[in-house]
file model_33.txt (compact mmCIF, C-alpha atoms and all ligand atoms)
# COMPACT_ATOMS: atom_id res chain seq x y z
CA MET A 1 -8.36 -57.17 -37.91
CA THR A 2 -11.69 -58.32 -39.34
CA GLY A 3 -12.98 -61.88 -39.36
CA ALA A 4 -10.75 -62.86 -36.45
CA SER A 5 -13.04 -65.47 -34.88
CA ARG A 6 -12.00 -68.52 -36.92
CA GLY A 7 -10.12 -69.82 -39.94
CA LEU A 8 -7.40 -67.71 -41.50
CA GLY A 9 -8.33 -64.64 -39.43
CA ALA A 10 -7.90 -66.38 -36.08
CA GLU A 11 -4.49 -67.82 -37.08
CA THR A 12 -3.38 -64.45 -38.47
CA ALA A 13 -4.30 -62.75 -35.20
CA ILE A 14 -2.17 -65.25 -33.29
CA ALA A 15 0.74 -64.84 -35.71
CA LEU A 16 0.58 -61.03 -35.50
CA SER A 17 0.50 -61.26 -31.71
CA SER A 18 3.58 -63.51 -31.72
CA ALA A 19 5.28 -60.82 -33.79
CA GLY A 20 4.49 -58.25 -31.07
CA ALA A 21 1.26 -56.64 -32.27
CA GLU A 22 -1.47 -55.46 -29.92
CA LEU A 23 -4.71 -56.57 -31.57
CA VAL A 24 -8.29 -55.50 -31.97
CA LEU A 25 -10.29 -58.54 -33.10
CA LEU A 26 -13.60 -58.10 -34.89
CA SER A 27 -16.35 -60.52 -35.90
CA ARG A 28 -20.00 -61.20 -35.06
CA ASN A 29 -19.51 -64.25 -32.84
CA ARG A 30 -18.71 -63.24 -29.25
CA ALA A 31 -17.79 -66.72 -27.95
CA ALA A 32 -15.43 -67.60 -30.81
CA LEU A 33 -13.82 -64.17 -30.70
CA ASP A 34 -13.28 -64.38 -26.95
CA GLY A 35 -11.66 -67.81 -27.47
CA VAL A 36 -9.10 -66.31 -29.86
CA ALA A 37 -8.44 -63.35 -27.55
CA GLN A 38 -7.92 -65.73 -24.62
CA ARG A 39 -5.40 -67.80 -26.61
CA ILE A 40 -3.46 -64.59 -27.33
CA VAL A 41 -3.56 -63.35 -23.74
CA ALA A 42 -2.59 -66.80 -22.41
CA SER A 43 0.57 -66.67 -24.49
CA GLY A 44 1.49 -63.20 -23.20
CA GLY A 45 -0.05 -61.10 -25.99
CA ARG A 46 -2.56 -58.26 -25.95
CA ALA A 47 -5.93 -58.47 -27.71
CA LYS A 48 -9.31 -56.82 -27.42
CA ALA A 49 -12.35 -58.70 -28.81
CA LEU A 50 -15.12 -56.51 -30.21
CA VAL A 51 -18.36 -57.90 -31.62
CA CYS A 52 -19.13 -56.07 -34.82
CA ASP A 53 -20.95 -56.83 -38.06
CA ILE A 54 -18.74 -54.97 -40.50
CA THR A 55 -21.52 -54.77 -43.09
CA ASN A 56 -23.12 -52.31 -40.67
CA ALA A 57 -21.04 -49.22 -41.42
CA SER A 58 -22.24 -47.10 -38.50
CA GLN A 59 -21.54 -49.95 -36.04
CA PHE A 60 -18.04 -50.31 -37.47
CA ARG A 61 -17.32 -46.56 -37.43
CA THR A 62 -18.31 -46.37 -33.74
CA VAL A 63 -15.82 -49.15 -33.00
CA VAL A 64 -13.01 -47.44 -34.91
CA ASP A 65 -13.77 -44.07 -33.33
CA SER A 66 -13.38 -45.63 -29.89
CA MET A 67 -9.81 -46.64 -30.65
CA GLU A 68 -6.85 -44.54 -29.75
CA ARG A 69 -4.58 -45.49 -32.61
CA LEU A 70 -4.35 -48.01 -35.45
CA ASP A 71 -1.21 -48.88 -37.40
CA VAL A 72 -2.21 -51.97 -39.36
CA LEU A 73 -5.49 -53.17 -40.86
CA VAL A 74 -5.99 -56.76 -41.99
CA ASN A 75 -9.18 -56.90 -44.05
CA ASN A 76 -9.82 -60.62 -43.78
CA ALA A 77 -13.59 -61.17 -43.37
CA GLY A 78 -15.09 -62.64 -46.53
CA ILE A 79 -17.74 -65.05 -47.79
CA ASN A 80 -18.22 -67.28 -50.78
CA PHE A 81 -21.35 -69.03 -52.05
CA PRO A 82 -20.07 -71.27 -54.85
CA GLU A 83 -22.83 -71.83 -57.41
CA PRO A 84 -23.35 -71.72 -61.16
CA PHE A 85 -23.55 -68.26 -62.72
CA MET A 86 -27.11 -68.84 -63.92
CA GLU A 87 -28.29 -69.79 -60.42
CA VAL A 88 -26.91 -66.82 -58.46
CA SER A 89 -29.79 -65.17 -56.62
CA GLU A 90 -29.91 -61.44 -55.93
CA ASP A 91 -29.64 -62.21 -52.23
CA HIS A 92 -26.39 -64.17 -52.65
CA LEU A 93 -25.04 -61.52 -54.99
CA ASP A 94 -25.84 -58.74 -52.51
CA GLN A 95 -24.45 -60.58 -49.47
CA GLN A 96 -21.10 -61.28 -51.14
CA ILE A 97 -20.77 -57.74 -52.49
CA ALA A 98 -21.86 -56.27 -49.13
CA LEU A 99 -19.10 -58.04 -47.19
CA ASN A 100 -16.32 -58.71 -49.69
CA VAL A 101 -16.45 -55.32 -51.41
CA ARG A 102 -18.59 -52.69 -49.69
CA ALA A 103 -17.57 -53.48 -46.10
CA THR A 104 -13.92 -53.95 -47.09
CA PHE A 105 -13.98 -50.49 -48.72
CA LEU A 106 -15.74 -48.75 -45.82
CA VAL A 107 -13.63 -50.48 -43.15
CA SER A 108 -10.51 -49.36 -45.03
CA GLN A 109 -11.81 -45.80 -45.23
CA ALA A 110 -12.59 -45.63 -41.49
CA VAL A 111 -9.25 -47.15 -40.45
CA VAL A 112 -7.17 -45.05 -42.84
CA ARG A 113 -8.95 -41.95 -41.48
CA LYS A 114 -7.73 -42.97 -38.03
CA MET A 115 -4.19 -43.50 -39.36
CA LEU A 116 -4.24 -40.05 -40.98
CA GLU A 117 -5.36 -38.44 -37.71
CA ALA A 118 -2.34 -39.80 -35.82
CA PRO A 119 0.05 -37.12 -34.63
CA ASN A 120 3.32 -37.29 -36.54
CA ARG A 121 1.40 -39.34 -39.08
CA HIS A 122 3.98 -39.57 -41.87
CA ALA A 123 6.55 -41.12 -39.54
CA CYS A 124 3.94 -43.52 -38.10
CA GLY A 125 2.76 -44.56 -41.54
CA GLY A 126 0.49 -47.57 -41.71
CA ALA A 127 -0.14 -50.84 -43.47
CA VAL A 128 -3.34 -52.22 -44.95
CA ILE A 129 -3.45 -55.87 -46.01
CA HIS A 130 -6.44 -57.10 -47.96
CA VAL A 131 -7.02 -60.85 -47.98
CA THR A 132 -8.11 -61.50 -51.54
CA SER A 133 -7.62 -64.88 -53.24
CA GLN A 134 -6.09 -66.51 -56.28
CA MET A 135 -9.68 -66.01 -57.47
CA GLY A 136 -8.87 -62.31 -57.58
CA HIS A 137 -6.45 -63.11 -60.43
CA VAL A 138 -8.18 -65.83 -62.44
CA GLY A 139 -11.66 -67.18 -63.14
CA SER A 140 -13.08 -70.49 -61.95
CA PRO A 141 -16.35 -72.39 -62.28
CA ARG A 142 -19.14 -71.65 -59.77
CA ARG A 143 -17.31 -68.58 -58.53
CA THR A 144 -18.48 -65.65 -60.66
CA VAL A 145 -19.48 -63.45 -57.74
CA TYR A 146 -16.55 -64.44 -55.53
CA CYS A 147 -14.07 -63.85 -58.38
CA MET A 148 -15.72 -60.52 -59.17
CA THR A 149 -15.46 -59.35 -55.56
CA LYS A 150 -11.86 -60.45 -55.13
CA HIS A 151 -10.83 -58.83 -58.44
CA ALA A 152 -12.47 -55.66 -57.11
CA ILE A 153 -10.29 -55.69 -54.01
CA GLU A 154 -7.18 -56.30 -56.11
CA GLY A 155 -8.08 -53.04 -57.91
CA LEU A 156 -8.76 -51.28 -54.62
CA THR A 157 -5.34 -52.41 -53.38
CA LYS A 158 -3.55 -50.72 -56.28
CA ALA A 159 -5.59 -47.52 -56.21
CA MET A 160 -5.33 -47.10 -52.41
CA ALA A 161 -1.59 -47.80 -52.61
CA VAL A 162 -1.02 -45.02 -55.14
CA GLU A 163 -3.21 -42.49 -53.35
CA LEU A 164 -1.96 -43.21 -49.82
CA ALA A 165 1.76 -43.57 -50.57
CA PRO A 166 2.43 -39.86 -49.85
CA HIS A 167 1.14 -40.54 -46.31
CA ASN A 168 3.48 -43.52 -45.92
CA ILE A 169 0.53 -45.89 -45.76
CA ARG A 170 1.27 -49.11 -47.64
CA VAL A 171 -1.55 -51.18 -49.12
CA ASN A 172 -1.06 -54.76 -50.30
CA ALA A 173 -3.02 -57.95 -50.83
CA VAL A 174 -2.38 -61.60 -50.11
CA ALA A 175 -4.00 -63.98 -52.56
CA PRO A 176 -4.11 -67.55 -51.26
CA THR A 177 -5.12 -70.75 -52.97
CA PHE A 178 -7.43 -73.21 -51.17
CA LEU A 179 -6.73 -73.54 -47.44
CA GLU A 180 -8.43 -75.73 -44.85
CA THR A 181 -10.83 -73.43 -42.96
CA PRO A 182 -14.50 -73.50 -41.92
CA MET A 183 -15.26 -71.69 -45.19
CA THR A 184 -13.75 -74.39 -47.40
CA ALA A 185 -14.51 -77.43 -45.23
CA PRO A 186 -17.78 -78.22 -47.05
CA PHE A 187 -16.15 -77.98 -50.52
CA LEU A 188 -12.97 -79.85 -49.60
CA ALA A 189 -14.96 -82.63 -47.92
CA ASN A 190 -16.05 -83.62 -51.42
CA PRO A 191 -13.22 -85.91 -52.67
CA GLU A 192 -13.91 -85.03 -56.32
CA PHE A 193 -13.61 -81.30 -55.61
CA ARG A 194 -10.52 -81.78 -53.46
CA ASP A 195 -8.78 -83.83 -56.17
CA TRP A 196 -9.70 -81.20 -58.77
CA ALA A 197 -8.32 -78.38 -56.59
CA ILE A 198 -5.07 -80.27 -55.89
CA SER A 199 -4.70 -81.10 -59.60
CA LYS A 200 -4.65 -77.34 -60.31
CA ILE A 201 -1.86 -76.67 -57.77
CA PRO A 202 1.60 -77.53 -59.15
CA LEU A 203 2.95 -77.99 -55.61
CA GLY A 204 0.28 -80.66 -55.28
CA ARG A 205 -1.41 -79.83 -51.99
CA ILE A 206 -3.89 -77.57 -50.21
CA GLY A 207 -2.28 -74.57 -48.45
CA ARG A 208 -1.51 -74.44 -44.75
CA LEU A 209 -2.70 -71.44 -42.74
CA GLU A 210 0.81 -70.60 -41.53
CA GLU A 211 1.90 -70.26 -45.16
CA VAL A 212 -0.43 -67.26 -45.42
CA THR A 213 -0.16 -65.81 -41.92
CA GLY A 214 3.62 -65.45 -42.33
CA ALA A 215 3.07 -63.38 -45.49
CA ILE A 216 0.60 -61.12 -43.69
CA VAL A 217 3.03 -60.56 -40.81
CA PHE A 218 5.74 -59.75 -43.35
CA LEU A 219 3.58 -57.22 -45.23
CA ALA A 220 2.59 -55.58 -41.93
CA SER A 221 6.21 -55.23 -40.85
CA SER A 222 8.97 -52.77 -41.64
CA ALA A 223 10.68 -55.58 -43.59
CA ALA A 224 8.14 -54.73 -46.32
CA SER A 225 8.73 -50.96 -46.13
CA LEU A 226 9.16 -50.54 -49.91
CA ILE A 227 6.29 -52.83 -50.86
CA THR A 228 2.97 -51.28 -51.77
CA GLY A 229 0.30 -51.92 -54.38
CA THR A 230 1.21 -55.54 -54.85
CA SER A 231 -0.57 -58.83 -54.42
CA LEU A 232 1.36 -61.73 -52.99
CA LEU A 233 0.08 -64.92 -54.59
CA ILE A 234 0.36 -67.82 -52.17
CA ASP A 235 -1.11 -70.38 -54.50
CA GLY A 236 1.36 -73.23 -54.96
CA GLY A 237 1.62 -72.17 -58.60
CA TRP A 238 -2.13 -72.25 -59.47
CA THR A 239 -1.93 -68.99 -61.44
CA ALA A 240 1.50 -69.63 -62.95
CA GLN A 241 0.23 -71.97 -65.66
N1 LIG A 301 -10.10 -70.65 -47.00
C1 LIG A 301 -9.61 -70.48 -48.22
O1 LIG A 301 -9.32 -71.46 -48.95
C2 LIG A 301 -9.37 -69.10 -48.75
C3 LIG A 301 -8.63 -68.99 -49.93
C4 LIG A 301 -8.39 -67.73 -50.45
C5 LIG A 301 -8.89 -66.62 -49.79
N2 LIG A 301 -9.62 -66.75 -48.66
C6 LIG A 301 -10.11 -65.55 -48.00
O2 LIG A 301 -9.62 -65.51 -46.68
C7 LIG A 301 -10.54 -64.81 -45.84
C8 LIG A 301 -10.85 -65.68 -44.62
O3 LIG A 301 -11.43 -66.89 -45.10
P1 LIG A 301 -11.68 -68.14 -44.17
O4 LIG A 301 -11.58 -69.31 -45.05
O5 LIG A 301 -10.85 -68.06 -42.94
O6 LIG A 301 -13.23 -67.91 -43.84
P2 LIG A 301 -14.12 -68.37 -42.60
O7 LIG A 301 -13.51 -69.52 -41.93
O8 LIG A 301 -15.51 -68.47 -43.11
O9 LIG A 301 -14.02 -67.10 -41.63
C9 LIG A 301 -14.59 -65.87 -42.02
C10 LIG A 301 -14.43 -64.86 -40.92
O10 LIG A 301 -15.15 -63.67 -41.31
C11 LIG A 301 -16.02 -63.28 -40.26
N3 LIG A 301 -17.19 -62.58 -40.78
C12 LIG A 301 -18.07 -63.06 -41.70
N4 LIG A 301 -19.03 -62.15 -41.91
C13 LIG A 301 -18.73 -61.08 -41.11
C14 LIG A 301 -19.36 -59.82 -40.87
N5 LIG A 301 -20.48 -59.45 -41.51
N6 LIG A 301 -18.80 -58.98 -39.97
C15 LIG A 301 -17.67 -59.34 -39.31
N7 LIG A 301 -17.02 -60.49 -39.51
C16 LIG A 301 -17.56 -61.36 -40.39
C17 LIG A 301 -16.37 -64.60 -39.57
O11 LIG A 301 -16.74 -64.39 -38.22
P3 LIG A 301 -18.23 -64.34 -37.65
O12 LIG A 301 -19.03 -65.39 -38.34
O13 LIG A 301 -17.99 -64.56 -36.20
O14 LIG A 301 -18.72 -62.95 -37.92
C18 LIG A 301 -15.03 -65.32 -39.62
O15 LIG A 301 -14.22 -64.88 -38.54
C19 LIG A 301 -11.75 -64.50 -46.72
O16 LIG A 301 -11.67 -63.17 -47.19
C20 LIG A 301 -11.62 -65.49 -47.85
O17 LIG A 301 -12.25 -65.03 -49.03
C21 LIG A 301 -9.87 -67.98 -48.10
call {"tool": "encode", "arguments": {"input": "model_33.txt", "output": "structure tokens"}}
result
Amino acid sequence: MTGASRGLGAETAIALSSAGAELVLLSRNRAALDGVAQRIVASGGRAKALVCDITNASQFRTVVDSMERLDVLVNNAGINFPEPFMEVSEDHLDQQIALNVRATFLVSQAVVRKMLEAPNRHACGGAVIHVTSQMGHVGSPRRTVYCMTKHAIEGLTKAMAVELAPHNIRVNAVAPTFLETPMTAPFLANPEFRDWAISKIPLGRIGRLEEVTGAIVFLASSAASLITGTSLLIDGGWTAQ
């Protein structure tokens, strides 16, 4: 899984491990990644921490090639620079597209290639889960690039699902509302922003990480064997109104 060193990715790794998965954890920060791997091993799980900048496609492909077998991919790494549309610099545009779209696409391609190479591959199947956002379904101020990238991955989810279904590889998205993570800490620390976000959520609160990790575990499991090409909104009703 990508972006496993902190936030939603770290908690998802722990939840997948509790459900019995053997994990390969990727991110750029060795110390944080090792911390997550140690938590998993200490509770009896199995995890390998690999430092990798997934925007570097050749680095990522080398990592995937070194693996024996992959059954599930959680494409979680993502960034967001909230700012007004008219102030988006080319650098911020490129960074968000490079990680949220380009790397997500190329990581998916490399991992699915590995899944397709597995002996007895139809029976093995596979599951890809893209972490998008409610912002992949709606628009919001100061989020033009983020919304654009997350809408892109919602499209990728559907198209991959249709094309890979004959190989028994399921592709789905989870689309959370605001959660407390290092990414959102600076926005949610602003009481005005926090109140605005909560006012948009009919259930009246920010999401908890376990409310998303459970959905990812479900989509990765055989309990979701007929589910592909969908996006599970975990948004407290944000997009229902
Ligand atoms: N938090 C929310 O409210 C929320 C809501 C909806 C959707 N999401 C989505 O959920 C996902 C996780 O968000 P989060 O809030 O947990 O973010 P976060 O706390 O900022 O964590 C992002 C993760 O991505 C990794 N990462 C960033 N750039 C990378 C790169 N080039 N190569 C490899 N790994 C990289 C980071 O690790 P390193 O820095 O160690 O590389 C970190 O592990 C994102 O896709 C985000 O868009 C979040």
call {"tool": "closest_residue", "arguments": {"input": "model_33.txt", "among": "A:Cys124, A:Val88, A:Val162, A:Leu179", "to": "ligand LIG 301 (chain A)", "atoms": "all atoms listed in the file"}}
result
A:Leu179
call {"tool": "atom_distance", "arguments": {"input": "model_33.txt", "atom1": "CA of Ile40 (chain A)", "atom2": "CA of Asp53 (chain A)"}}
result
21.9 Å
call {"tool": "closest_residue", "arguments": {"input": "model_33.txt", "among": "A:Ala185, A:Ala123, A:Val138, A:Ile14", "to": "ligand LIG 301 (chain A)", "atoms": "all atoms listed in the file"}}
result
A:Ala185
call {"tool": "closest_atom_pairs", "arguments": {"input": "model_33.txt", "of": "chain A", "to": "ligand LIG 301 (chain A)", "cutoff": "7 Å", "atoms": "all atoms listed in the file", "output": "Markdown table"}}
result
| residue | atom | partner | partner_atom | distance |
| --- | --- | --- | --- | --- |
| A:Thr2 | CA | A:LIG301 | N7 | 5.8 |
| A:Gly3 | CA | A:LIG301 | O15 | 3.3 |
| A:Ala4 | CA | A:LIG301 | O15 | 4.5 |
| A:Ser5 | CA | A:LIG301 | O15 | 3.9 |
| A:Arg6 | CA | A:LIG301 | O15 | 4.6 |
| A:Gly7 | CA | A:LIG301 | O5 | 3.6 |
| A:Leu8 | CA | A:LIG301 | O5 | 3.8 |
| A:Gly9 | CA | A:LIG301 | O5 | 5.5 |
| A:Ala10 | CA | A:LIG301 | O15 | 6.9 |
| A:Leu26 | CA | A:LIG301 | C15 | 6.1 |
| A:Ser27 | CA | A:LIG301 | N7 | 3.7 |
| A:Arg28 | CA | A:LIG301 | O14 | 3.6 |
| A:Asn29 | CA | A:LIG301 | O13 | 3.7 |
| A:Ala32 | CA | A:LIG301 | O13 | 6.7 |
| A:Leu33 | CA | A:LIG301 | O13 | 6.9 |
| A:Cys52 | CA | A:LIG301 | C15 | 5.7 |
| A:Asp53 | CA | A:LIG301 | N6 | 3.6 |
| A:Ile54 | CA | A:LIG301 | N6 | 4.0 |
| A:Thr55 | CA | A:LIG301 | N5 | 5.0 |
| A:Asn76 | CA | A:LIG301 | O16 | 4.6 |
| A:Ala77 | CA | A:LIG301 | O10 | 3.6 |
| A:Gly78 | CA | A:LIG301 | O16 | 3.5 |
| A:Ile79 | CA | A:LIG301 | O17 | 5.6 |
| A:Asn80 | CA | A:LIG301 | O17 | 6.6 |
| A:Leu99 | CA | A:LIG301 | N5 | 6.0 |
| A:Asn100 | CA | A:LIG301 | O16 | 6.9 |
| A:Val131 | CA | A:LIG301 | O16 | 5.3 |
| A:Thr132 | CA | A:LIG301 | C5 | 5.5 |
| A:Ser133 | CA | A:LIG301 | C4 | 4.1 |
| A:Gln134 | CA | A:LIG301 | C4 | 6.4 |
| A:Ala175 | CA | A:LIG301 | C4 | 6.1 |
| A:Pro176 | CA | A:LIG301 | C4 | 4.4 |
| A:Thr177 | CA | A:LIG301 | C3 | 5.0 |
| A:Phe178 | CA | A:LIG301 | O1 | 3.4 |
| A:Leu179 | CA | A:LIG301 | O1 | 3.6 |
| A:Glu180 | CA | A:LIG301 | N1 | 5.8 |
| A:Thr181 | CA | A:LIG301 | O4 | 4.7 |
| A:Pro182 | CA | A:LIG301 | O7 | 4.1 |
| A:Met183 | CA | A:LIG301 | O8 | 3.8 |
| A:Thr184 | CA | A:LIG301 | N1 | 5.2 |
call {"tool": "residues_around", "arguments": {"input": "model_33.txt", "residues": "Ala21 (chain A)", "least_positions_apart": "5", "cutoff": "9 Å", "atoms": "all atoms listed in the file", "output": "ChimeraX atom specification"}}
result
/A:13,15-16,45-47
call {"tool": "residues_around", "arguments": {"input": "model_33.txt", "residues": "Leu226 (chain A)", "least_positions_apart": "2", "cutoff": "12 Å", "atoms": "all atoms listed in the file", "output": "list in words"}}
result
Ala127, Ala161, Ala165, Asn168, Ile169, Arg170, Val171, Asn172, Phe218, Leu219, Ala220, Ser221, Ser222, Ala223, Ala224, Thr228, Gly229 and Thr230 of chain A
call {"tool": "atom_distance", "arguments": {"input": "model_33.txt", "atom1": "CA of Asn120 (chain A)", "atom2": "CA of Ser66 (chain A)"}}
result
19.8 Å
call {"tool": "atom_distance", "arguments": {"input": "model_33.txt", "atom1": "CA of Leu116 (chain A)", "atom2": "CA of Arg61 (chain A)"}}
result
15.0 Å
call {"tool": "closest_residue", "arguments": {"input": "model_33.txt", "among": "A:Gln241, A:Ser231, A:Thr12, A:Ser58", "to": "Ile216 (chain A)", "atoms": "only C-alpha atoms"}}
result
A:Thr12
call {"tool": "closest_residue", "arguments": {"input": "model_33.txt", "among": "A:His137, A:Arg143, A:His122, A:His151", "to": "Leu233 (chain A)", "atoms": "all atoms listed in the file"}}
result
A:His137
call {"tool": "closest_residue", "arguments": {"input": "model_33.txt", "among": "A:Leu203, A:Ile234, A:Met1, A:Val41", "to": "Ser108 (chain A)", "atoms": "only C-alpha atoms"}}
result
A:Met1
call {"tool": "decode", "arguments": {"input": "model_33.txt", "residues": "region 168-197 of chain A", "atoms": "N, CA and C atoms", "output": "PDB file, in the first residue's frame"}}
result
ATOM      1  N   ASN A 168     -10.784 -11.096 -13.220  1.00  0.00           N
ATOM      2  CA  ASN A 168     -11.202 -11.204 -11.811  1.00  0.00           C
ATOM      3  C   ASN A 168     -10.418 -10.237 -10.911  1.00  0.00           C
ATOM      4  N   ILE A 169     -10.083  -9.089 -11.479  1.00  0.00           N
ATOM      5  CA  ILE A 169      -9.453  -8.042 -10.663  1.00  0.00           C
ATOM      6  C   ILE A 169     -10.509  -6.956 -10.464  1.00  0.00           C
ATOM      7  N   ARG A 170     -10.849  -6.731  -9.193  1.00  0.00           N
ATOM      8  CA  ARG A 170     -11.872  -5.726  -8.862  1.00  0.00           C
ATOM      9  C   ARG A 170     -11.205  -4.389  -8.545  1.00  0.00           C
ATOM     10  N   VAL A 171     -11.839  -3.320  -8.989  1.00  0.00           N
ATOM     11  CA  VAL A 171     -11.261  -1.980  -8.783  1.00  0.00           C
ATOM     12  C   VAL A 171     -12.343  -1.065  -8.230  1.00  0.00           C
ATOM     13  N   ASN A 172     -12.109  -0.539  -7.038  1.00  0.00           N
ATOM     14  CA  ASN A 172     -13.096   0.334  -6.391  1.00  0.00           C
ATOM     15  C   ASN A 172     -12.394   1.529  -5.760  1.00  0.00           C
ATOM     16  N   ALA A 173     -13.207   2.499  -5.358  1.00  0.00           N
ATOM     17  CA  ALA A 173     -12.677   3.677  -4.669  1.00  0.00           C
ATOM     18  C   ALA A 173     -13.374   3.825  -3.324  1.00  0.00           C
ATOM     19  N   VAL A 174     -12.667   4.442  -2.381  1.00  0.00           N
ATOM     20  CA  VAL A 174     -13.342   4.958  -1.184  1.00  0.00           C
ATOM     21  C   VAL A 174     -13.192   6.478  -1.232  1.00  0.00           C
ATOM     22  N   ALA A 175     -14.269   7.154  -0.871  1.00  0.00           N
ATOM     23  CA  ALA A 175     -14.305   8.609  -1.023  1.00  0.00           C
ATOM     24  C   ALA A 175     -14.709   9.254   0.302  1.00  0.00           C
ATOM     25  N   PRO A 176     -13.713   9.506   1.160  1.00  0.00           N
ATOM     26  CA  PRO A 176     -14.040  10.035   2.495  1.00  0.00           C
ATOM     27  C   PRO A 176     -14.293  11.537   2.510  1.00  0.00           C
ATOM     28  N   THR A 177     -14.993  11.956   3.550  1.00  0.00           N
ATOM     29  CA  THR A 177     -15.088  13.372   3.878  1.00  0.00           C
ATOM     30  C   THR A 177     -13.844  13.754   4.687  1.00  0.00           C
ATOM     31  N   PHE A 178     -13.855  14.902   5.343  1.00  0.00           N
ATOM     32  CA  PHE A 178     -12.700  15.327   6.141  1.00  0.00           C
ATOM     33  C   PHE A 178     -12.466  14.368   7.307  1.00  0.00           C
ATOM     34  N   LEU A 179     -11.195  14.000   7.468  1.00  0.00           N
ATOM     35  CA  LEU A 179     -10.741  13.137   8.565  1.00  0.00           C
ATOM     36  C   LEU A 179      -9.607  13.865   9.251  1.00  0.00           C
ATOM     37  N   GLU A 180      -9.342  13.504  10.494  1.00  0.00           N
ATOM     38  CA  GLU A 180      -8.206  14.128  11.203  1.00  0.00           C
ATOM     39  C   GLU A 180      -6.933  13.374  10.835  1.00  0.00           C
ATOM     40  N   THR A 181      -6.079  13.985  10.035  1.00  0.00           N
ATOM     41  CA  THR A 181      -4.779  13.391   9.674  1.00  0.00           C
ATOM     42  C   THR A 181      -3.757  14.524   9.572  1.00  0.00           C
ATOM     43  N   PRO A 182      -2.462  14.186   9.435  1.00  0.00           N
ATOM     44  CA  PRO A 182      -1.475  15.258   9.245  1.00  0.00           C
ATOM     45  C   PRO A 182      -1.794  16.143   8.036  1.00  0.00           C
ATOM     46  N   MET A 183      -2.464  15.578   7.014  1.00  0.00           N
ATOM     47  CA  MET A 183      -2.797  16.410   5.855  1.00  0.00           C
ATOM     48  C   MET A 183      -3.796  17.501   6.213  1.00  0.00           C
ATOM     49  N   THR A 184      -4.807  17.157   7.006  1.00  0.00           N
ATOM     50  CA  THR A 184      -5.885  18.107   7.278  1.00  0.00           C
ATOM     51  C   THR A 184      -5.662  18.914   8.558  1.00  0.00           C
ATOM     52  N   ALA A 185      -4.672  18.510   9.363  1.00  0.00           N
ATOM     53  CA  ALA A 185      -4.459  19.198  10.649  1.00  0.00           C
ATOM     54  C   ALA A 185      -4.372  20.718  10.482  1.00  0.00           C
ATOM     55  N   PRO A 186      -3.592  21.221   9.506  1.00  0.00           N
ATOM     56  CA  PRO A 186      -3.516  22.687   9.399  1.00  0.00           C
ATOM     57  C   PRO A 186      -4.850  23.337   9.026  1.00  0.00           C
ATOM     58  N   PHE A 187      -5.677  22.677   8.197  1.00  0.00           N
ATOM     59  CA  PHE A 187      -6.979  23.294   7.841  1.00  0.00           C
ATOM     60  C   PHE A 187      -7.939  23.220   9.029  1.00  0.00           C
ATOM     61  N   LEU A 188      -7.977  22.033   9.665  1.00  0.00           N
ATOM     62  CA  LEU A 188      -8.971  21.831  10.723  1.00  0.00           C
ATOM     63  C   LEU A 188      -8.613  22.558  12.011  1.00  0.00           C
ATOM     64  N   ALA A 189      -7.356  23.017  12.102  1.00  0.00           N
ATOM     65  CA  ALA A 189      -6.960  23.813  13.274  1.00  0.00           C
ATOM     66  C   ALA A 189      -7.597  25.202  13.229  1.00  0.00           C
ATOM     67  N   ASN A 190      -8.068  25.587  12.069  1.00  0.00           N
ATOM     68  CA  ASN A 190      -8.740  26.882  11.917  1.00  0.00           C
ATOM     69  C   ASN A 190     -10.221  26.706  12.285  1.00  0.00           C
ATOM     70  N   PRO A 191     -10.679  27.273  13.417  1.00  0.00           N
ATOM     71  CA  PRO A 191     -12.040  27.005  13.888  1.00  0.00           C
ATOM     72  C   PRO A 191     -13.111  27.372  12.856  1.00  0.00           C
ATOM     73  N   GLU A 192     -12.851  28.428  12.091  1.00  0.00           N
ATOM     74  CA  GLU A 192     -13.840  28.832  11.068  1.00  0.00           C
ATOM     75  C   GLU A 192     -13.981  27.748   9.992  1.00  0.00           C
ATOM     76  N   PHE A 193     -12.835  27.209   9.565  1.00  0.00           N
ATOM     77  CA  PHE A 193     -12.862  26.168   8.537  1.00  0.00           C
ATOM     78  C   PHE A 193     -13.520  24.906   9.084  1.00  0.00           C
ATOM     79  N   ARG A 194     -13.156  24.560  10.309  1.00  0.00           N
ATOM     80  CA  ARG A 194     -13.696  23.346  10.930  1.00  0.00           C
ATOM     81  C   ARG A 194     -15.225  23.439  11.046  1.00  0.00           C
ATOM     82  N   ASP A 195     -15.708  24.597  11.502  1.00  0.00           N
ATOM     83  CA  ASP A 195     -17.161  24.779  11.641  1.00  0.00           C
ATOM     84  C   ASP A 195     -17.836  24.697  10.276  1.00  0.00           C
ATOM     85  N   TRP A 196     -17.194  25.287   9.252  1.00  0.00           N
ATOM     86  CA  TRP A 196     -17.758  25.233   7.901  1.00  0.00           C
ATOM     87  C   TRP A 196     -17.846  23.782   7.422  1.00  0.00           C
ATOM     88  N   ALA A 197     -16.747  23.019   7.635  1.00  0.00           N
ATOM     89  CA  ALA A 197     -16.727  21.619   7.182  1.00  0.00           C
ATOM     90  C   ALA A 197     -17.820  20.820   7.903  1.00  0.00           C
TER      91      ALA A 197
END
